[in-house]
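Next comes structure.cif, a file with mmCIF, C-alpha atoms.
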```
data_my_file
loop_
_atom_site.label_atom_id
_atom_site.label_comp_id
_atom_site.auth_asym_id
_atom_site.auth_seq_id
_atom_site.Cartn_x
_atom_site.Cartn_y
_atom_site.Cartn_z
CA MET N 1 7.11 -11.94 -12.45
CA CYS N 2 9.44 -14.43 -13.95
CA THR N 3 12.70 -12.66 -14.72
CA VAL N 4 13.65 -15.18 -17.35
CA CYS N 5 10.65 -15.36 -19.60
CA GLY N 6 8.81 -12.22 -18.53
CA CYS N 7 5.53 -13.92 -17.73
CA SER N 8 3.61 -12.43 -14.85
CA SER N 9 2.51 -14.39 -11.88
CA GLY N 10 0.46 -13.76 -8.79
CA ASN N 11 -0.62 -10.18 -9.35
CA LEU N 12 -1.85 -10.24 -12.87
CA LYS N 13 -5.00 -12.11 -13.61
CA ILE N 14 -6.77 -12.34 -16.88
CA ASP N 15 -10.46 -12.99 -16.58
CA GLY N 16 -10.00 -14.41 -13.14
CA GLN N 17 -7.43 -16.93 -14.21
CA ALA N 18 -4.20 -16.49 -12.38
CA LYS N 19 -1.19 -16.80 -14.54
CA ASP N 20 -0.05 -19.26 -11.97
CA HIS N 21 3.61 -19.69 -11.74
CA MET N 22 4.28 -22.28 -9.06
CA LEU N 23 5.53 -19.71 -6.61
CA ASP N 24 6.48 -22.42 -4.21
CA GLN N 25 9.40 -23.07 -6.44
CA PRO N 26 11.45 -20.04 -5.62
CA HIS N 27 12.34 -19.29 -9.20
CA ASP N 28 15.62 -21.07 -9.37
CA HIS N 29 15.40 -21.31 -13.16
CA SER N 30 18.16 -23.79 -13.69
CA HIS N 31 17.61 -23.52 -17.43
CA ASP N 32 18.89 -26.85 -18.52
CA HIS N 33 16.98 -26.57 -21.76
CA SER N 34 18.97 -27.10 -24.89
CA HIS N 35 18.36 -23.65 -26.28
CA SER N 36 16.53 -24.82 -29.28
CA HIS N 37 14.27 -21.99 -28.17
CA GLU N 38 11.17 -24.01 -28.13
CA HIS N 39 10.62 -23.16 -24.49
CA GLY N 40 8.40 -25.91 -23.30
CA HIS N 41 7.50 -23.79 -20.28
CA ASP N 42 6.47 -26.70 -18.16
CA HIS N 43 6.35 -24.35 -15.18
CA HIS N 44 3.17 -22.88 -16.53
CA ASP N 45 0.31 -25.00 -15.42
CA HIS N 46 -2.26 -22.70 -16.93
CA GLU N 47 -3.74 -22.51 -20.30
CA HIS N 48 -3.40 -19.39 -22.26
CA SER N 49 -3.50 -18.99 -25.89
CA HIS N 50 -1.06 -16.21 -26.54
CA GLY N 51 1.65 -18.66 -27.44
CA HIS N 52 4.36 -16.90 -25.50
CA SER N 53 5.75 -14.49 -27.92
CA ASP N 54 7.36 -12.64 -25.01
CA ASP N 55 10.72 -11.45 -26.20
CA HIS N 56 13.35 -13.75 -24.90
CA ASP N 57 16.43 -11.64 -24.99
CA HIS N 58 18.77 -14.54 -24.51
CA ASP N 59 21.82 -12.56 -25.44
CA HIS N 60 24.00 -14.14 -22.80
CA ASP N 61 27.08 -16.13 -23.57
CA HIS N 62 26.28 -19.71 -24.30
CA SER N 63 29.81 -21.01 -23.92
CA ASP N 64 29.19 -22.08 -20.35
CA GLU N 65 27.25 -25.21 -21.19
CA HIS N 66 24.09 -23.34 -20.28
CA THR N 67 24.33 -23.89 -16.59
CA HIS N 68 23.58 -20.23 -15.85
CA ASP N 69 25.36 -20.22 -12.55
CA TYR N 70 25.24 -16.60 -11.55
CA GLY N 71 27.38 -17.20 -8.53
CA GLN N 72 30.54 -18.03 -10.45
CA GLY N 73 32.08 -14.59 -10.67
CA PRO N 74 34.76 -13.41 -8.27
CA ALA N 75 32.49 -10.76 -6.81
CA HIS N 76 29.96 -13.41 -5.82
CA ALA N 77 26.67 -11.95 -6.89
CA HIS N 78 23.73 -12.51 -4.59
CA ALA N 79 20.98 -11.78 -7.00
CA PRO N 80 20.58 -13.83 -10.12
CA GLY N 81 21.65 -11.80 -13.13
CA LEU N 82 24.17 -9.68 -11.32
CA SER N 83 27.75 -10.73 -11.66
CA GLN N 84 31.44 -9.91 -11.59
CA ALA N 85 31.36 -6.14 -11.87
CA ARG N 86 31.26 -3.82 -8.89
CA MET N 87 28.33 -4.60 -6.63
CA VAL N 88 26.73 -2.25 -4.17
CA GLN N 89 24.54 -3.64 -1.44
CA ILE N 90 21.70 -1.29 -0.67
CA GLU N 91 18.80 -3.09 1.00
CA LYS N 92 16.74 0.06 0.81
CA ASN N 93 12.99 0.14 0.78
CA ILE N 94 11.68 2.07 -2.20
CA LEU N 95 9.04 3.66 -0.04
CA SER N 96 11.66 4.72 2.53
CA LYS N 97 11.41 8.35 1.41
CA ASN N 98 7.67 8.35 2.01
CA ASP N 99 8.21 6.54 5.31
CA GLU N 100 10.56 9.31 6.43
CA TYR N 101 7.93 11.95 5.76
CA ALA N 102 5.34 9.77 7.49
CA SER N 103 7.56 9.45 10.58
CA THR N 104 7.92 13.22 10.72
CA ASN N 105 4.13 13.56 10.55
CA ARG N 106 3.69 10.88 13.22
CA ALA N 107 6.13 12.70 15.52
CA PHE N 108 4.18 15.92 14.90
CA PHE N 109 0.92 14.20 15.94
CA ASN N 110 2.51 12.49 18.96
CA GLU N 111 4.05 15.70 20.28
CA ARG N 112 0.70 17.43 20.16
CA GLY N 113 -1.44 14.52 21.32
CA ILE N 114 -3.38 14.61 18.06
CA LEU N 115 -5.31 11.61 16.81
CA ALA N 116 -4.79 11.31 13.06
CA LEU N 117 -6.96 8.90 11.10
CA ASN N 118 -6.54 7.99 7.45
CA LEU N 119 -9.96 7.36 5.89
CA VAL N 120 -9.83 5.14 2.85
CA SER N 121 -12.50 3.66 0.60
CA SER N 122 -13.62 3.36 -2.97
CA PRO N 123 -15.24 6.44 -4.51
CA GLY N 124 -18.84 6.90 -3.45
CA SER N 125 -18.84 4.85 -0.26
CA GLY N 126 -19.74 7.91 1.77
CA LYS N 127 -16.43 9.12 3.20
CA THR N 128 -17.28 12.80 3.08
CA THR N 129 -20.85 12.34 4.35
CA THR N 130 -19.48 10.20 7.18
CA LEU N 131 -16.91 12.86 8.01
CA CYS N 132 -19.46 15.67 8.02
CA ARG N 133 -21.77 13.81 10.38
CA THR N 134 -18.90 12.67 12.59
CA ILE N 135 -17.57 16.20 12.92
CA THR N 136 -21.04 17.52 13.73
CA GLU N 137 -21.37 14.94 16.51
CA LEU N 138 -17.88 15.56 17.93
CA GLN N 139 -17.82 19.32 17.62
CA ASP N 140 -19.28 20.22 20.99
CA LYS N 141 -16.47 18.50 22.82
CA HIS N 142 -13.58 18.30 20.39
CA VAL N 143 -11.76 20.19 17.70
CA CYS N 144 -11.64 18.48 14.33
CA SER N 145 -9.75 19.37 11.20
CA VAL N 146 -9.61 17.66 7.87
CA ILE N 147 -7.12 17.08 5.08
CA GLU N 148 -9.09 16.30 1.94
CA GLY N 149 -7.45 14.37 -0.84
CA ASP N 150 -9.00 14.32 -4.29
CA GLN N 151 -7.66 14.25 -7.76
CA GLN N 152 -9.42 17.49 -8.63
CA THR N 153 -11.84 20.10 -7.21
CA ALA N 154 -12.23 21.54 -3.74
CA ASN N 155 -15.85 20.34 -3.43
CA ASP N 156 -15.20 18.04 -0.49
CA ALA N 157 -13.24 20.61 1.49
CA ASP N 158 -16.13 23.04 0.96
CA ARG N 159 -18.59 20.45 2.32
CA ILE N 160 -16.40 19.93 5.37
CA ARG N 161 -16.03 23.68 5.98
CA GLU N 162 -19.81 23.96 6.09
CA THR N 163 -19.69 21.95 9.33
CA GLY N 164 -17.42 24.61 10.79
CA ALA N 165 -14.28 22.50 10.84
CA LYS N 166 -11.03 23.62 9.25
CA ALA N 167 -10.27 21.82 6.03
CA ILE N 168 -7.40 21.80 3.55
CA GLN N 169 -7.90 20.40 0.10
CA VAL N 170 -5.01 18.56 -1.48
CA ASN N 171 -5.41 17.89 -5.18
CA THR N 172 -3.17 15.06 -6.18
CA GLY N 173 -3.49 15.89 -9.89
CA LYS N 174 -2.33 12.77 -11.64
CA GLY N 175 -1.66 11.01 -8.34
CA CYS N 176 -3.81 8.14 -7.15
CA HIS N 177 -3.09 8.56 -3.44
CA LEU N 178 -1.95 11.01 -0.78
CA ASP N 179 1.65 10.59 0.34
CA GLY N 180 3.54 11.54 3.46
CA HIS N 181 5.01 14.63 1.87
CA MET N 182 1.64 16.09 0.79
CA VAL N 183 0.21 15.53 4.25
CA GLY N 184 3.25 17.16 5.87
CA HIS N 185 2.70 20.25 3.72
CA ALA N 186 -1.00 20.34 4.51
CA LEU N 187 -0.26 20.09 8.24
CA GLY N 188 1.89 23.19 7.92
CA SER N 189 -1.09 25.23 6.72
CA LEU N 190 -3.71 23.45 8.83
CA ASN N 191 -1.80 23.88 12.10
CA PRO N 192 -4.09 21.57 14.11
CA THR N 193 -4.51 22.21 17.83
CA GLU N 194 -3.22 19.95 20.58
CA GLY N 195 -5.44 17.08 21.60
CA SER N 196 -7.62 17.37 18.51
CA PHE N 197 -8.77 15.07 15.73
CA VAL N 198 -7.17 15.23 12.30
CA PHE N 199 -9.09 13.29 9.68
CA ILE N 200 -7.28 12.59 6.45
CA GLU N 201 -9.71 11.72 3.71
CA ASN N 202 -7.66 9.86 1.15
CA VAL N 203 -8.34 9.69 -2.57
CA GLY N 204 -11.20 7.29 -3.33
CA ASN N 205 -9.15 4.26 -4.27
CA LEU N 206 -8.80 0.88 -2.59
CA VAL N 207 -5.42 0.10 -4.11
CA CYS N 208 -2.58 2.60 -3.78
CA PRO N 209 -3.42 4.33 -0.47
CA ALA N 210 -2.81 0.97 1.24
CA SER N 211 0.92 1.22 0.57
CA PHE N 212 1.49 4.82 1.64
CA ASP N 213 1.90 5.58 5.30
CA LEU N 214 0.88 9.14 6.08
CA GLY N 215 1.82 9.08 9.77
CA GLU N 216 -1.72 8.28 10.89
CA ALA N 217 -2.55 6.29 14.02
CA HIS N 218 -5.05 4.10 12.17
CA LYS N 219 -6.37 3.52 8.72
CA VAL N 220 -10.16 3.34 8.76
CA VAL N 221 -11.68 1.69 5.72
CA ILE N 222 -15.26 2.54 4.77
CA LEU N 223 -17.26 -0.01 2.81
CA SER N 224 -20.86 0.67 1.86
CA VAL N 225 -23.49 -2.03 1.57
CA THR N 226 -24.18 -1.00 -2.02
CA GLU N 227 -20.81 -2.49 -2.90
CA GLY N 228 -20.06 -6.19 -3.02
CA GLU N 229 -19.50 -8.56 -0.10
CA ASP N 230 -16.25 -9.66 -1.68
CA LYS N 231 -14.59 -6.24 -1.73
CA PRO N 232 -12.26 -7.26 1.13
CA LEU N 233 -11.10 -10.22 -0.96
CA LYS N 234 -10.80 -8.17 -4.13
CA TYR N 235 -8.74 -5.48 -2.43
CA PRO N 236 -7.05 -7.43 0.36
CA ASP N 237 -4.12 -5.05 0.82
CA MET N 238 -6.37 -2.23 1.92
CA PHE N 239 -8.46 -4.30 4.31
CA HIS N 240 -5.28 -5.77 5.70
CA ALA N 241 -3.82 -2.32 6.33
CA ALA N 242 -6.91 -0.98 8.11
CA ASP N 243 -7.62 -1.37 11.83
CA LEU N 244 -11.30 -0.51 11.64
CA MET N 245 -13.93 -1.08 9.00
CA LEU N 246 -17.05 1.06 8.90
CA LEU N 247 -19.82 -0.70 7.09
CA ASN N 248 -21.78 2.30 5.86
CA LYS N 249 -25.31 2.85 4.51
CA VAL N 250 -26.81 0.05 6.62
CA ASP N 251 -30.13 1.90 6.44
CA LEU N 252 -30.35 0.59 2.86
CA LEU N 253 -30.02 -3.07 3.89
CA PRO N 254 -33.77 -3.83 3.69
CA HIS N 255 -33.69 -2.92 -0.01
CA LEU N 256 -30.61 -4.90 -0.89
CA GLU N 257 -29.41 -8.46 -1.01
CA PHE N 258 -26.29 -7.83 0.97
CA ASP N 259 -24.86 -10.41 3.37
CA VAL N 260 -23.38 -8.50 6.30
CA GLU N 261 -22.01 -11.61 8.02
CA LYS N 262 -20.30 -12.74 4.85
CA THR N 263 -18.69 -9.33 4.39
CA ILE N 264 -17.34 -9.30 7.92
CA GLU N 265 -16.07 -12.85 7.48
CA ASN N 266 -14.28 -11.80 4.28
CA ALA N 267 -12.71 -8.82 6.03
CA ARG N 268 -11.50 -11.04 8.88
CA ARG N 269 -10.03 -13.45 6.38
CA VAL N 270 -7.56 -10.85 5.19
CA ASN N 271 -7.21 -9.19 8.58
CA PRO N 272 -8.17 -11.26 11.64
CA GLY N 273 -7.70 -8.25 13.90
CA ILE N 274 -9.99 -5.81 12.08
CA LYS N 275 -12.83 -4.24 14.07
CA VAL N 276 -16.13 -3.71 12.29
CA LEU N 277 -18.83 -1.15 13.04
CA GLN N 278 -22.09 -0.89 11.16
CA ILE N 279 -23.21 2.66 10.59
CA SER N 280 -25.47 4.82 8.51
CA SER N 281 -24.21 8.32 7.93
CA THR N 282 -27.65 9.36 6.70
CA THR N 283 -29.69 8.23 9.72
CA GLY N 284 -26.94 8.22 12.36
CA GLU N 285 -27.46 4.55 13.14
CA GLY N 286 -24.46 3.01 14.85
CA TYR N 287 -22.85 6.38 15.50
CA GLY N 288 -22.81 5.75 19.26
CA ASP N 289 -20.18 3.02 18.86
CA TRP N 290 -18.22 4.97 16.27
CA ILE N 291 -18.05 8.09 18.43
CA ASN N 292 -17.08 5.93 21.43
CA TRP N 293 -14.27 4.38 19.41
CA LEU N 294 -13.09 7.82 18.31
CA GLU N 295 -13.11 9.26 21.82
CA ALA N 296 -11.41 6.23 23.34
CA THR N 297 -8.75 6.32 20.65
CA LEU N 298 -8.27 10.05 21.15
CA ALA N 299 -7.88 9.41 24.88
CA LEU N 300 -4.99 7.06 24.06
CA ALA N 301 -3.40 9.66 21.80
CA THR N 302 -3.59 12.35 24.47
CA THR N 303 -2.46 10.11 27.34
CA GLY N 304 0.58 11.60 29.01
CA HIS N 305 0.00 15.05 27.54
CA ASN N 306 -0.79 17.86 29.86
CA PHE N 307 -2.30 20.59 27.75
CA LYS N 308 -2.40 23.98 29.34
CA ASN N 309 -5.33 26.21 28.55
CA THR N 310 -6.75 23.52 26.35
CA ALA N 311 -10.18 25.05 26.58
CA GLU N 312 -8.99 28.43 25.29
CA LYS N 313 -6.96 26.83 22.53
CA GLN N 314 -9.83 24.74 21.41
CA THR N 315 -12.17 27.66 21.04
CA ASP N 316 -10.82 28.91 17.80
CA VAL N 317 -12.49 32.30 17.36
CA GLU N 318 -13.12 31.92 13.69
CA MET N 319 -14.65 28.50 14.12
CA THR N 320 -17.06 29.52 16.85
CA ALA N 321 -18.23 32.32 14.62
CA VAL N 322 -18.98 29.88 11.83
CA ALA N 323 -20.62 27.39 14.16
CA GLU N 324 -23.00 30.02 15.44
CA MET P 1 -0.99 2.39 -10.58
CA HIS P 2 1.76 4.39 -8.91
CA GLU P 3 4.62 2.50 -10.51
CA MET P 4 5.88 5.68 -12.14
CA SER P 5 6.34 7.44 -8.81
CA LEU P 6 7.92 4.33 -7.34
CA CYS P 7 10.50 4.48 -10.14
CA GLU P 8 11.14 8.11 -9.32
CA GLY P 9 11.76 6.92 -5.76
CA ILE P 10 14.22 4.34 -7.07
CA LEU P 11 16.05 7.01 -9.07
CA GLN P 12 16.31 9.23 -5.99
CA ILE P 13 17.83 6.39 -4.03
CA LEU P 14 20.28 5.66 -6.86
CA GLU P 15 21.35 9.30 -7.02
CA ASN P 16 21.90 9.48 -3.28
CA GLU P 17 23.83 6.23 -3.26
CA SER P 18 26.01 7.32 -6.18
CA GLU P 19 27.26 10.26 -4.12
CA GLN P 20 27.80 8.21 -1.00
CA LYS P 21 29.37 5.20 -2.62
CA ASN P 22 31.06 7.05 -5.46
CA PHE P 23 29.83 5.52 -8.69
CA LYS P 24 28.75 7.20 -11.90
CA LYS P 25 26.79 4.61 -13.80
CA VAL P 26 24.27 2.00 -12.78
CA LYS P 27 24.13 -1.08 -14.98
CA LYS P 28 21.77 -3.34 -13.11
CA VAL P 29 19.25 -2.85 -10.35
CA ALA P 30 18.07 -5.85 -8.35
CA LEU P 31 14.68 -5.36 -6.74
CA GLU P 32 13.00 -7.57 -4.18
CA VAL P 33 9.26 -7.61 -4.76
CA GLY P 34 6.76 -9.46 -2.62
CA PRO P 35 3.37 -10.51 -3.98
CA PHE P 36 1.60 -8.12 -1.57
CA SER P 37 3.71 -5.09 -2.41
CA GLY P 38 0.88 -3.70 -4.52
CA VAL P 39 3.12 -3.46 -7.55
CA GLU P 40 2.43 -4.71 -11.03
CA VAL P 41 5.85 -5.75 -12.27
CA ASP P 42 5.12 -5.20 -15.96
CA ALA P 43 4.08 -1.63 -15.26
CA LEU P 44 7.14 -1.17 -13.08
CA LYS P 45 9.48 -2.36 -15.84
CA PHE P 46 7.84 -0.05 -18.32
CA SER P 47 8.05 2.96 -16.01
CA PHE P 48 11.61 2.08 -15.04
CA ASP P 49 12.93 2.52 -18.58
CA VAL P 50 11.06 5.77 -19.01
CA VAL P 51 12.11 7.30 -15.69
CA MET P 52 15.77 6.24 -15.94
CA LYS P 53 16.20 7.97 -19.31
CA GLY P 54 18.83 10.68 -19.13
CA SER P 55 19.92 9.60 -15.66
CA LEU P 56 22.88 7.71 -14.32
CA ALA P 57 20.86 4.55 -14.76
CA GLU P 58 19.81 5.06 -18.37
CA GLY P 59 19.60 1.71 -20.15
CA SER P 60 20.17 -0.23 -16.94
CA GLU P 61 18.59 -3.60 -16.46
CA LEU P 62 15.90 -4.10 -13.86
CA ILE P 63 16.09 -7.50 -12.20
CA ILE P 64 13.09 -8.60 -10.20
CA ILE P 65 13.64 -11.03 -7.35
CA ASP P 66 10.29 -12.55 -6.48
CA MET P 67 9.92 -12.88 -2.75
CA PRO P 68 7.68 -15.57 -1.31
CA ALA P 69 4.66 -14.69 0.78
CA THR P 70 4.58 -16.50 4.07
CA ALA P 71 2.15 -16.71 6.95
CA TRP P 72 2.09 -18.13 10.45
CA CYS P 73 -0.51 -20.84 10.89
CA MET P 74 -1.80 -20.94 14.42
CA GLN P 75 -3.10 -24.50 14.09
CA CYS P 76 0.09 -25.94 12.62
CA ALA P 77 2.23 -23.55 14.68
CA GLU P 78 4.56 -23.10 11.78
CA THR P 79 5.35 -20.84 8.85
CA VAL P 80 3.61 -21.73 5.61
CA THR P 81 3.85 -20.35 2.07
CA ILE P 82 0.73 -18.69 0.67
CA LYS P 83 -0.26 -16.97 -2.53
CA GLN P 84 -3.07 -14.65 -1.46
CA ARG P 85 -3.82 -12.83 1.74
CA TYR P 86 -7.07 -14.71 2.14
CA ASP P 87 -5.60 -18.16 1.54
CA ASP P 88 -6.26 -20.88 4.05
CA CYS P 89 -3.33 -22.79 5.47
CA PRO P 90 -2.05 -25.05 2.65
CA SER P 91 -1.30 -27.86 5.11
CA CYS P 92 -4.28 -27.94 7.46
CA GLY P 93 -6.87 -25.74 5.75
CA SER P 94 -7.33 -23.48 8.74
CA ALA P 95 -8.23 -19.84 8.12
CA GLN P 96 -6.34 -18.83 11.25
CA ILE P 97 -3.21 -17.69 9.55
CA GLN P 98 -1.41 -14.39 9.76
CA VAL P 99 0.66 -13.03 6.95
CA THR P 100 4.29 -12.61 7.99
CA ALA P 101 6.02 -11.69 4.73
CA GLY P 102 5.17 -10.67 1.20
CA GLU P 103 5.08 -6.86 1.26
CA GLU P 104 8.75 -6.45 0.30
CA LEU P 105 9.54 -3.66 -2.11
CA SER P 106 13.19 -2.80 -1.84
CA ILE P 107 16.37 -2.39 -3.80
CA LYS P 108 18.65 -5.22 -2.82
CA GLU P 109 21.77 -4.44 -4.77
CA LEU P 110 23.22 -2.67 -7.76
CA GLU P 111 25.84 -3.37 -10.36
CA VAL P 112 27.71 -0.13 -10.95
CA ASP P 113 30.67 1.44 -12.69
#
```

Could I get this file's structure written as structure tokens?
Amino acid sequence: MCTVCGCSSGNLKIDGQAKDHMLDQPHDHSHDHSHSHEHGHDHHDHEHSHGHSDDHDHDHDHSDEHTHDYGQGPAHAHAPGLSQARMVQIEKNILSKNDEYASTNRAFFNERGILALNLVSSPGSGKTTTLCRTITELQDKHVCSVIEGDQQTANDADRIRETGAKAIQVNTGKGCHLDGHMVGHALGSLNPTEGSFVFIENVGNLVCPASFDLGEAHKVVILSVTEGEDKPLKYPDMFHAADLMLLNKVDLLPHLEFDVEKTIENARRVNPGIKVLQISSTTGEGYGDWINWLEATLALATTGHNFKNTAEKQTDVEMTAVAE
Amino acid sequence: MHEMSLCEGILQILENESEQKNFKKVKKVALEVGPFSGVEVDALKFSFDVVMKGSLAEGSELIIIDMPATAWCMQCAETVTIKQRYDDCPSCGSAQIQVTAGEELSIKELEVD
């Protein structure tokens, strides 16, 4: 966003038209205009009709021939707009607090040889159905537990528990994503066993969860074929953050006009390294590859760990009872 | 979408820094924001004023420093400036580019009393 006139650039689009702001000019804003406040705004090469009524709070001192040289003060300000007075250099990432919690979670997983996966998608792409089937297929050989994130209700955790796996529901309330702190708390109650799978089902949202590290080994993004081929382009941050994309509901392909190749191409555009598996969580199609990926990735997570009595630990009494 | 909680994160950082660096009032906050940070700056500015109310940074000015997004083009073998993650290389048109910067979301510096 332009700090001088307040117009947005890049992120905000109105009806598909970027409020393009010539980002290649790194906003030097020399402001050699004569302050007749007509604001020609020749840096806007777009057409919009709102006539720029943005409040221009030009309350700065105009005695300096309008050169706006922010570097003149004795304290030598680095950022435009900051000057003279006492400066404090911080260079601190705003998400650093979340990153600290995420690191603690990651250390927790590493110490116990646990594979933690953060499952992200839009609502309705089949995250919970995929999880239920996945757990059912893994259960004979592995222990799985689940942290369920939803804004409200414990419905999903109940569905997971029906498979026999342990599940904790986290309701984010007004929140649009899980954060490192919530997951840390959930891990305290979940107490997952060594060498097991922990699936974190994030809130159905392709925007915010991309920015919040939970301490997982991989983000896995689920996209269903009933959504659009251009989802990876519409929500590039998420597809960039994920290491694996599950293209779900492929059993419906015969009934849809959905271009699988195009979708994969779009995903690779935002993330050249992304792996793609085509699955159907209803029919089990493609689950061979998905389970192979899970087991291979778990093998990496457990490498170097020497679990004693793993077998005993993994046979959680309560869970066997439910499974029977 | 989560701009409000980001501002709460900013306030936490300000409070911690005020103890460490011994200041009582924050007058300006300079923030580096990359185009891929997932933040809508208008929403951030709005939340900022609301969250800072009653704190050491009440009424402070939020200054946004737009950071450029860059990528490494494998064909050109050099760093290029892009606008979207899915952009092709602006010089050669190749799609083989990897984003190298643009996710910045950090407090760069403060003006304090």

With a distance cut-off of 10 Å and only C-alpha atoms, select the neighbouring residues of Val29 of chain P, excluding the residue or stretch itself and same-chain residues fewer than 5 positions from it, and output the selection as a count of residues only. 19

Translate the PyMOL selection byres ((chain N) within 6 of (chain P)) into a concrete residue list for this structure, as a PyMOL selection string.
chain N and resi 86-94+269-270

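Atom CA of Thr130 of chain N is positioned 22.7 Å from atom CA of Glu257 of chain N.
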
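Atom pair atom CA of Asn306 of chain N / atom CA of Val198 of chain N: separated by 18.9 Å.
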
Residues near Gln152 of chain N, anyone? I mean within 8 Å using all atoms listed in the file, not counting same-chain ones fewer than 4 positions away, as a tab-separated table (two decimals) with C-alpha atoms, in the frame of the given file.
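So the final result, stored in part19.tsv, reads:
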```tsv
chain	number	residue	atom	x	y	z
N	171	ASN	CA	-5.41	17.89	-5.18
N	172	THR	CA	-3.17	15.06	-6.18
N	173	GLY	CA	-3.49	15.89	-9.89
```
